[in-house]
Protein chains: 2
Amino acid sequence: MDGPRFEPVRAVRAYERVVEQVEEAIEGGTLSPGQRLPSERELMVQFSVSRSTVREALRVLQARGLVRSRPGDPNGAEVLPFSPAALHKSMTTLARVEELSLAELVQFRMVLDSSAILLAARLRTDAQLADMESAVAGMRAAVEAGHDAFGEADVAFHDVVARSSGNKLIQICMDVVRSIVLKLIAEKIADAPDREALMRQSIRHHEEVLAAMRAGDGPLAARLSRKAMYDYYAGYVPAAERSSLRALLD
Amino acid sequence: MDGPRFEPVRAVRAYERVVEQVEEAIEGGTLSPGQRLPSERELMVQFSVSRSTVREALRVLQARGLVRSRPGDPNGAEVLPFSPAALHKSMTTLARVEELSLAELVQFRMVLDSSAILLAARLRTDAQLADMESAVAGMRAAVEAGHDAFGEADVAFHDVVARSSGNKLIQICMDVVRSIVLKLIAEKIADAPDREALMRQSIRHHEEVLAAMRAGDGPLAARLSRKAMYDYYAGYVPAAERSSLRALLD
DNA sequence: ACTAATTTGTCCGTATGTATG
DNA sequence: GCATACATACGGACAAATTAG
């Protein structure tokens, strides 16, 4: 019959065990953001490992965005609040090494944005709706102030929507993917010939979406948002890949 | 008038400069997966830093999933092909430190899965449709083989769909979020009272989705898939949060 | 199958610049 | 300003692991 199913024992490095313990303490809530880790010298005593091992562990924890250590700080490494920086980093590398096309990224934004809008249209509070209204008002005011200000106002609107969706994961992924897309085509947008017309069209689209959300028509608002994003970005996407974006329109 | 706008010079650590250079080489294609980095001693000469610095840099690169080094390997660290491991890691920490609810994760799956299905229904090739058919056939065959085998067949179906969507980003995010959700409720599913009935219902749902895709009706297939996932997971979600899932149903 | 050479993992000691009280 | 403790970075050392011959 079957004997006991032994698992192969991977040789786990000392620094990994240090990482695991600190990680569990942070994710388990024993260590909260703002709190300090013991100093490196103290850690090498507690874990009974060398200084180098402690330092390699801290480097990994820092790369994962969990702690930050500064030279000379007598308080030891600081436990950081969650930031999407690590997620942002891995998605950016994903985009580069897997050669994600702009079309794929925009498509992903269309999916996330329209989903957030659908959810927000149905779950929003009145206060959140008011925030969206003032965000669109901010976009109208920013047309004169130039393209950078307009971009910020636009981002502010989508942030309110994302928060109103009630889903933090959608919110964070939207933020990450949006920044990647904007970085990819920042120059092209700045060089667009008729920027003001584009801004005014974008405002009209946002107003339509907002009206649908105010009316509680989630599917309509979502459909409009996909169309708006398609119109805004299609020009920057190679013609051959535009059909994959149109597959999301109805 | 304005003088030159000097930016504050952040003190960038030595190991970070090493990380940046290697990272650029990998993401720029100078170093391809399977290739080897020089040995640590060679690297300390090329970068003219100490070995500790080289090692800290390698630890960071390893945490980002770009390289792997094994003790005693005379060939130096290996450049790895992209893997979603780093993305998986940061999403898992996100789920834990931000206390993402199961509802949020399932909601995200509903969004991604139905979007992939919508895209696949419109962009699939005939060969991919055949793969989906055989994947569902595999699910039917796996009912007898127990719940683990059924789970694998189910995953296989959704993988084919994700590939057929033509969007690698959606595909990878689906994979990551699915594994997190499954890990969260693996025990609960295994302990479900009428597992076989659930499996048969799941198969019926998949067949309906597949029929809609075969007919080219993307919106219907997407709607059915959201409903199917809601029915499958709603029981594991606290009642108070189910309404946020229903907000995605029409 | 065994040895030799090289590499990584880990440890220790030391020097230097920095932040805090 | 000063003293202390800290992180950063360097260099040397040894054991365990891997590969080549």
# chains A, B, ... in the order shown; residues from 1 in each chain; ligands from 1
>>> select_by_dssp(residues="range 35-231 of chain A", states="strand (DSSP E or B)", output="count of residues only")
5
>>> select_by_dssp(residues="range 78-205 of chain A", states="alpha helix (DSSP H)", output="PyMOL selection string")
chain A and resi 85-97+102-123+126-142+147-164+168-190+195-205
>>> closest_residue(among="A:Ala77, A:Leu112, A:Val176, A:Val237", to="chain D", atoms="only C-alpha atoms (C1' of nucleotides)")
A:Ala77
>>> closest_atom_pairs(of="chain D", to="chain B", cutoff="7 Å", atoms="only C-alpha atoms (C1' of nucleotides)", output="tab-separated table")
residue	atom	partner	partner_atom	distance
D:DC10	C1'	B:Ser50	CA	5.9
D:DA17	C1'	B:Gly72	CA	4.8
D:DT18	C1'	B:Gly72	CA	4.5
D:DT19	C1'	B:Pro74	CA	6.8
>>> write_last_selection(atoms="all heavy atoms", output="compact mmCIF listing (two decimals), in the first residue's frame")
# COMPACT_ATOMS: atom_id res chain seq x y z
P DC D 10 30.91 48.68 -1.42
OP1 DC D 10 31.43 49.41 -2.59
OP2 DC D 10 29.96 47.57 -1.58
O5' DC D 10 32.16 48.14 -0.58
C5' DC D 10 33.16 49.06 -0.13
C4' DC D 10 34.07 48.37 0.86
O4' DC D 10 33.29 48.00 2.02
C3' DC D 10 34.71 47.08 0.36
O3' DC D 10 36.06 47.31 0.01
C2' DC D 10 34.57 46.09 1.52
C1' DC D 10 33.94 46.90 2.64
N1 DC D 10 32.91 46.13 3.37
C2 DC D 10 33.22 45.58 4.62
O2 DC D 10 34.36 45.75 5.08
N3 DC D 10 32.28 44.85 5.28
C4 DC D 10 31.08 44.69 4.75
N4 DC D 10 30.18 43.99 5.44
C5 DC D 10 30.74 45.24 3.48
C6 DC D 10 31.68 45.95 2.83
P DA D 17 25.05 20.47 2.00
OP1 DA D 17 23.62 20.37 2.39
OP2 DA D 17 25.96 19.31 2.16
O5' DA D 17 25.13 20.97 0.49
C5' DA D 17 24.60 22.25 0.15
C4' DA D 17 24.95 22.58 -1.30
O4' DA D 17 26.34 22.96 -1.39
C3' DA D 17 24.73 21.42 -2.28
O3' DA D 17 23.94 21.86 -3.36
C2' DA D 17 26.14 21.03 -2.71
C1' DA D 17 26.92 22.34 -2.53
N9 DA D 17 28.35 22.15 -2.24
C8 DA D 17 28.90 21.36 -1.28
N7 DA D 17 30.22 21.39 -1.25
C5 DA D 17 30.55 22.26 -2.28
C6 DA D 17 31.79 22.72 -2.77
N6 DA D 17 32.97 22.34 -2.27
N1 DA D 17 31.78 23.58 -3.79
C2 DA D 17 30.59 23.96 -4.30
N3 DA D 17 29.36 23.59 -3.92
C4 DA D 17 29.41 22.74 -2.90
P DT D 18 23.31 20.76 -4.37
OP1 DT D 18 21.91 21.17 -4.59
OP2 DT D 18 23.66 19.41 -3.89
O5' DT D 18 24.13 21.02 -5.72
C5' DT D 18 24.25 22.36 -6.21
C4' DT D 18 25.39 22.45 -7.20
O4' DT D 18 26.66 22.33 -6.51
C3' DT D 18 25.39 21.35 -8.27
O3' DT D 18 25.13 21.95 -9.54
C2' DT D 18 26.78 20.72 -8.20
C1' DT D 18 27.58 21.74 -7.39
N1 DT D 18 28.67 21.12 -6.54
C2 DT D 18 29.96 21.51 -6.75
O2 DT D 18 30.30 22.32 -7.59
N3 DT D 18 30.88 20.89 -5.92
C4 DT D 18 30.61 19.97 -4.92
O4 DT D 18 31.52 19.49 -4.26
C5 DT D 18 29.22 19.62 -4.78
C7 DT D 18 28.83 18.61 -3.74
C6 DT D 18 28.33 20.20 -5.58
P DT D 19 24.78 20.98 -10.80
OP1 DT D 19 23.74 21.64 -11.61
OP2 DT D 19 24.59 19.60 -10.31
O5' DT D 19 26.17 21.04 -11.59
C5' DT D 19 26.78 22.30 -11.83
C4' DT D 19 28.23 22.12 -12.23
O4' DT D 19 29.01 21.66 -11.10
C3' DT D 19 28.46 21.11 -13.35
O3' DT D 19 29.19 21.71 -14.41
C2' DT D 19 29.24 19.97 -12.69
C1' DT D 19 29.95 20.70 -11.55
N1 DT D 19 30.29 19.83 -10.38
C2 DT D 19 31.58 19.81 -9.91
O2 DT D 19 32.47 20.47 -10.39
N3 DT D 19 31.78 18.97 -8.84
C4 DT D 19 30.84 18.17 -8.20
O4 DT D 19 31.14 17.46 -7.25
C5 DT D 19 29.52 18.25 -8.76
C7 DT D 19 28.42 17.42 -8.15
C6 DT D 19 29.30 19.06 -9.81
>>> residues_around(residues="Gln201 in chain A", least_positions_apart="4", cutoff="10 Å", atoms="only C-alpha atoms (C1' of nucleotides)", output="MDAnalysis selection string")
chainID A and resid 195:197 205:207 228 231:232
>>> write_last_selection(atoms="C-alpha atoms", output="compact mmCIF listing (two decimals), in the first residue's frame")
# COMPACT_ATOMS: atom_id res chain seq x y z
CA ARG A 195 -5.91 68.91 -27.28
CA GLU A 196 -8.63 71.32 -26.26
CA ALA A 197 -11.22 69.65 -28.48
CA HIS A 205 -18.44 61.71 -22.23
CA HIS A 206 -17.91 61.97 -18.49
CA GLU A 207 -21.09 63.98 -18.13
CA ALA A 228 -15.50 56.87 -24.13
CA ASP A 231 -12.65 56.92 -28.46
CA TYR A 232 -9.95 58.45 -26.31
>>> closest_atom_pairs(of="chain C", to="chain A", cutoff="6 Å", atoms="only C-alpha atoms (C1' of nucleotides)", output="JSON lines")
{"residue": "C:DC11", "atom": "C1'", "partner": "A:Ser50", "partner_atom": "CA", "distance": 5.8}
{"residue": "C:DT18", "atom": "C1'", "partner": "A:Gly72", "partner_atom": "CA", "distance": 4.9}
{"residue": "C:DA19", "atom": "C1'", "partner": "A:Gly72", "partner_atom": "CA", "distance": 4.8}
>>> interface_residues(of="chain A", to="chain B", cutoff="9 Å", atoms="only C-alpha atoms", output="ChimeraX atom specification")
/A:26-29,52,55-57,59-65,81-84,86-91,93-98,100,103-105,107-108,111-112,115,118-119,122-123,166-170,219,244,247-248,250
>>> atom_distance(atom1="CA of Ile185 in chain B", atom2="CA of Val155 in chain B")
15.2 Å
>>> residues_around(residues="DA15 in chain C", least_positions_apart="6", cutoff="12 Å", atoms="only C-alpha atoms (C1' of nucleotides)", output="PyMOL selection string")
chain D and resi 8-11
>>> write_last_selection(atoms="N, CA and C atoms (P, O5', C5', C4', C3', O3' and C1' of nucleotides)", output="CSV table (one decimal), in the first residue's frame")
chain,number,residue,atom,x,y,z
D,8,DT,P,20.5,50.6,5.3
D,8,DT,O5',22.0,50.8,4.8
D,8,DT,C5',22.3,52.1,4.3
D,8,DT,C4',23.8,52.2,4.0
D,8,DT,C3',24.3,51.2,3.0
D,8,DT,O3',24.7,51.8,1.8
D,8,DT,C1',25.8,51.3,4.8
D,9,DA,P,25.0,51.0,0.4
D,9,DA,O5',26.5,50.5,0.6
D,9,DA,C5',27.6,51.4,0.7
D,9,DA,C4',28.8,50.7,1.2
D,9,DA,C3',29.2,49.5,0.4
D,9,DA,O3',30.3,49.8,-0.5
D,9,DA,C1',29.6,49.2,2.7
D,10,DC,P,30.9,48.7,-1.4
D,10,DC,O5',32.2,48.1,-0.6
D,10,DC,C5',33.2,49.1,-0.1
D,10,DC,C4',34.1,48.4,0.9
D,10,DC,C3',34.7,47.1,0.4
D,10,DC,O3',36.1,47.3,0.0
D,10,DC,C1',33.9,46.9,2.6
D,11,DG,P,36.8,46.2,-0.8
D,11,DG,O5',37.3,45.2,0.2
D,11,DG,C5',38.2,45.5,1.2
D,11,DG,C4',38.5,44.3,2.2
D,11,DG,C3',38.8,43.0,1.4
D,11,DG,O3',40.1,42.6,1.8
D,11,DG,C1',37.1,42.7,3.1
>>> residues_around(residues="DG21 in chain C", least_positions_apart="4", cutoff="12 Å", atoms="only C-alpha atoms (C1' of nucleotides)", output="CSV table (one decimal) with C-alpha atoms (C1' of nucleotides), in the first residue's frame")
chain,number,residue,atom,x,y,z
A,74,PRO,CA,18.1,54.7,15.9
D,2,DC,C1',28.7,66.4,21.0
D,3,DA,C1',28.2,61.6,22.0
D,4,DT,C1',25.8,57.5,20.9
D,5,DA,C1',23.7,54.1,18.2
>>> closest_residue(among="B:Gln171, B:Ser39, B:Thr30, B:Ser179", to="Val54 in chain B", atoms="only C-alpha atoms")
B:Ser39
>>> atom_distance(atom1="CA of His147 in chain A", atom2="CA of Ile180 in chain A")
18.1 Å
>>> atom_distance(atom1="CA of Leu37 in chain B", atom2="CA of Glu78 in chain B")
6.3 Å
>>> decode(residues="chain D", atoms="N, CA and C atoms (P, O5', C5', C4', C3', O3' and C1' of nucleotides)", output="mmCIF file, in the first residue's frame")
data_model
loop_
_atom_site.group_PDB
_atom_site.id
_atom_site.type_symbol
_atom_site.label_atom_id
_atom_site.label_comp_id
_atom_site.auth_asym_id
_atom_site.auth_seq_id
_atom_site.Cartn_x
_atom_site.Cartn_y
_atom_site.Cartn_z
ATOM 1 P P DG D 1 28.250 73.858 15.444
ATOM 2 O "O5'" DG D 1 29.101 73.020 16.450
ATOM 3 C "C5'" DG D 1 29.712 73.716 17.515
ATOM 4 C "C4'" DG D 1 29.683 72.826 18.713
ATOM 5 C "C3'" DG D 1 30.377 71.478 18.471
ATOM 6 O "O3'" DG D 1 31.217 71.203 19.588
ATOM 7 C "C1'" DG D 1 28.149 71.124 19.238
ATOM 8 P P DC D 2 32.296 70.083 19.426
ATOM 9 O "O5'" DC D 2 31.575 68.864 20.163
ATOM 10 C "C5'" DC D 2 30.999 69.088 21.446
ATOM 11 C "C4'" DC D 2 30.389 67.805 21.949
ATOM 12 C "C3'" DC D 2 31.083 66.527 21.461
ATOM 13 O "O3'" DC D 2 31.356 65.683 22.571
ATOM 14 C "C1'" DC D 2 28.748 66.421 21.012
ATOM 15 P P DA D 3 32.318 64.424 22.398
ATOM 16 O "O5'" DA D 3 31.333 63.233 22.776
ATOM 17 C "C5'" DA D 3 30.490 63.364 23.920
ATOM 18 C "C4'" DA D 3 29.412 62.292 23.885
ATOM 19 C "C3'" DA D 3 29.922 60.898 23.522
ATOM 20 O "O3'" DA D 3 29.343 59.937 24.398
ATOM 21 C "C1'" DA D 3 28.228 61.562 21.988
ATOM 22 P P DT D 4 29.802 58.397 24.283
ATOM 23 O "O5'" DT D 4 28.532 57.705 23.633
ATOM 24 C "C5'" DT D 4 27.223 58.036 24.131
ATOM 25 C "C4'" DT D 4 26.160 57.514 23.177
ATOM 26 C "C3'" DT D 4 26.408 56.083 22.672
ATOM 27 O "O3'" DT D 4 25.305 55.265 23.007
ATOM 28 C "C1'" DT D 4 25.846 57.534 20.883
ATOM 29 P P DA D 5 25.454 53.647 22.926
ATOM 30 O "O5'" DA D 5 24.503 53.259 21.709
ATOM 31 C "C5'" DA D 5 23.198 53.809 21.647
ATOM 32 C "C4'" DA D 5 22.687 53.764 20.223
ATOM 33 C "C3'" DA D 5 22.877 52.404 19.533
ATOM 34 O "O3'" DA D 5 21.633 51.978 18.985
ATOM 35 C "C1'" DA D 5 23.711 54.138 18.163
ATOM 36 P P DC D 6 21.510 50.547 18.282
ATOM 37 O "O5'" DC D 6 21.408 50.874 16.727
ATOM 38 C "C5'" DC D 6 20.410 51.794 16.269
ATOM 39 C "C4'" DC D 6 20.774 52.308 14.895
ATOM 40 C "C3'" DC D 6 21.109 51.214 13.891
ATOM 41 O "O3'" DC D 6 19.925 50.817 13.211
ATOM 42 C "C1'" DC D 6 22.536 53.167 13.687
ATOM 43 P P DA D 7 19.980 49.584 12.210
ATOM 44 O "O5'" DA D 7 20.448 50.201 10.827
ATOM 45 C "C5'" DA D 7 19.625 51.177 10.187
ATOM 46 C "C4'" DA D 7 20.362 51.759 8.984
ATOM 47 C "C3'" DA D 7 20.615 50.782 7.836
ATOM 48 O "O3'" DA D 7 20.391 51.425 6.593
ATOM 49 C "C1'" DA D 7 22.685 51.642 8.635
ATOM 50 P P DT D 8 20.494 50.554 5.266
ATOM 51 O "O5'" DT D 8 21.994 50.834 4.775
ATOM 52 C "C5'" DT D 8 22.340 52.144 4.349
ATOM 53 C "C4'" DT D 8 23.813 52.201 3.985
ATOM 54 C "C3'" DT D 8 24.267 51.169 2.950
ATOM 55 O "O3'" DT D 8 24.734 51.845 1.789
ATOM 56 C "C1'" DT D 8 25.781 51.305 4.767
ATOM 57 P P DA D 9 25.016 51.008 0.441
ATOM 58 O "O5'" DA D 9 26.509 50.481 0.617
ATOM 59 C "C5'" DA D 9 27.554 51.439 0.734
ATOM 60 C "C4'" DA D 9 28.830 50.742 1.172
ATOM 61 C "C3'" DA D 9 29.205 49.497 0.364
ATOM 62 O "O3'" DA D 9 30.315 49.801 -0.480
ATOM 63 C "C1'" DA D 9 29.601 49.237 2.719
ATOM 64 P P DC D 10 30.913 48.676 -1.417
ATOM 65 O "O5'" DC D 10 32.164 48.139 -0.577
ATOM 66 C "C5'" DC D 10 33.159 49.056 -0.134
ATOM 67 C "C4'" DC D 10 34.069 48.372 0.861
ATOM 68 C "C3'" DC D 10 34.705 47.082 0.355
ATOM 69 O "O3'" DC D 10 36.063 47.312 0.006
ATOM 70 C "C1'" DC D 10 33.936 46.904 2.636
ATOM 71 P P DG D 11 36.842 46.247 -0.837
ATOM 72 O "O5'" DG D 11 37.319 45.153 0.228
ATOM 73 C "C5'" DG D 11 38.249 45.518 1.239
ATOM 74 C "C4'" DG D 11 38.472 44.345 2.170
ATOM 75 C "C3'" DG D 11 38.787 43.024 1.446
ATOM 76 O "O3'" DG D 11 40.115 42.617 1.788
ATOM 77 C "C1'" DG D 11 37.108 42.727 3.134
ATOM 78 P P DG D 12 40.702 41.263 1.238
ATOM 79 O "O5'" DG D 12 40.456 40.204 2.410
ATOM 80 C "C5'" DG D 12 40.812 40.550 3.749
ATOM 81 C "C4'" DG D 12 40.358 39.471 4.704
ATOM 82 C "C3'" DG D 12 40.702 38.044 4.260
ATOM 83 O "O3'" DG D 12 41.256 37.320 5.351
ATOM 84 C "C1'" DG D 12 38.386 38.214 4.721
ATOM 85 P P DA D 13 41.968 35.917 5.083
ATOM 86 O "O5'" DA D 13 40.844 34.874 5.534
ATOM 87 C "C5'" DA D 13 40.426 34.880 6.891
ATOM 88 C "C4'" DA D 13 39.190 34.023 7.056
ATOM 89 C "C3'" DA D 13 39.311 32.602 6.505
ATOM 90 O "O3'" DA D 13 39.541 31.693 7.589
ATOM 91 C "C1'" DA D 13 37.150 33.605 6.084
ATOM 92 P P DC D 14 40.014 30.214 7.268
ATOM 93 O "O5'" DC D 14 38.683 29.350 7.244
ATOM 94 C "C5'" DC D 14 37.802 29.395 8.366
ATOM 95 C "C4'" DC D 14 36.455 28.819 7.985
ATOM 96 C "C3'" DC D 14 36.508 27.425 7.325
ATOM 97 O "O3'" DC D 14 35.744 26.517 8.089
ATOM 98 C "C1'" DC D 14 35.055 28.879 6.135
ATOM 99 P P DA D 15 35.841 24.943 7.733
ATOM 100 O "O5'" DA D 15 34.332 24.598 7.341
ATOM 101 C "C5'" DA D 15 33.277 25.014 8.203
ATOM 102 C "C4'" DA D 15 31.935 24.852 7.504
ATOM 103 C "C3'" DA D 15 31.710 23.492 6.861
ATOM 104 O "O3'" DA D 15 30.372 23.075 7.073
ATOM 105 C "C1'" DA D 15 31.560 25.175 5.207
ATOM 106 P P DA D 16 29.947 21.566 6.666
ATOM 107 O "O5'" DA D 16 28.992 21.807 5.413
ATOM 108 C "C5'" DA D 16 27.875 22.682 5.553
ATOM 109 C "C4'" DA D 16 27.226 22.919 4.190
ATOM 110 C "C3'" DA D 16 26.953 21.648 3.392
ATOM 111 O "O3'" DA D 16 25.657 21.728 2.807
ATOM 112 C "C1'" DA D 16 28.291 23.113 2.110
ATOM 113 P P DA D 17 25.047 20.472 2.001
ATOM 114 O "O5'" DA D 17 25.128 20.965 0.490
ATOM 115 C "C5'" DA D 17 24.605 22.247 0.146
ATOM 116 C "C4'" DA D 17 24.948 22.581 -1.298
ATOM 117 C "C3'" DA D 17 24.734 21.423 -2.276
ATOM 118 O "O3'" DA D 17 23.938 21.856 -3.362
ATOM 119 C "C1'" DA D 17 26.918 22.338 -2.527
ATOM 120 P P DT D 18 23.314 20.762 -4.365
ATOM 121 O "O5'" DT D 18 24.132 21.022 -5.718
ATOM 122 C "C5'" DT D 18 24.249 22.356 -6.209
ATOM 123 C "C4'" DT D 18 25.386 22.452 -7.200
ATOM 124 C "C3'" DT D 18 25.386 21.349 -8.273
ATOM 125 O "O3'" DT D 18 25.133 21.951 -9.540
ATOM 126 C "C1'" DT D 18 27.583 21.740 -7.385
ATOM 127 P P DT D 19 24.778 20.982 -10.797
ATOM 128 O "O5'" DT D 19 26.169 21.036 -11.592
ATOM 129 C "C5'" DT D 19 26.780 22.301 -11.825
ATOM 130 C "C4'" DT D 19 28.233 22.117 -12.230
ATOM 131 C "C3'" DT D 19 28.463 21.105 -13.354
ATOM 132 O "O3'" DT D 19 29.193 21.714 -14.408
ATOM 133 C "C1'" DT D 19 29.951 20.698 -11.549
ATOM 134 P P DA D 20 29.343 20.932 -15.784
ATOM 135 O "O5'" DA D 20 30.914 20.639 -15.822
ATOM 136 C "C5'" DA D 20 31.806 21.700 -15.461
ATOM 137 C "C4'" DA D 20 33.238 21.178 -15.390
ATOM 138 C "C3'" DA D 20 33.635 20.224 -16.519
ATOM 139 O "O3'" DA D 20 34.982 20.473 -16.908
ATOM 140 C "C1'" DA D 20 33.811 19.107 -14.432
ATOM 141 P P DG D 21 35.501 19.762 -18.253
ATOM 142 O "O5'" DG D 21 36.499 18.636 -17.735
ATOM 143 C "C5'" DG D 21 37.600 19.021 -16.920
ATOM 144 C "C4'" DG D 21 38.205 17.798 -16.267
ATOM 145 C "C3'" DG D 21 38.519 16.652 -17.237
ATOM 146 O "O3'" DG D 21 39.878 16.276 -17.130
ATOM 147 C "C1'" DG D 21 37.297 15.861 -15.352
#
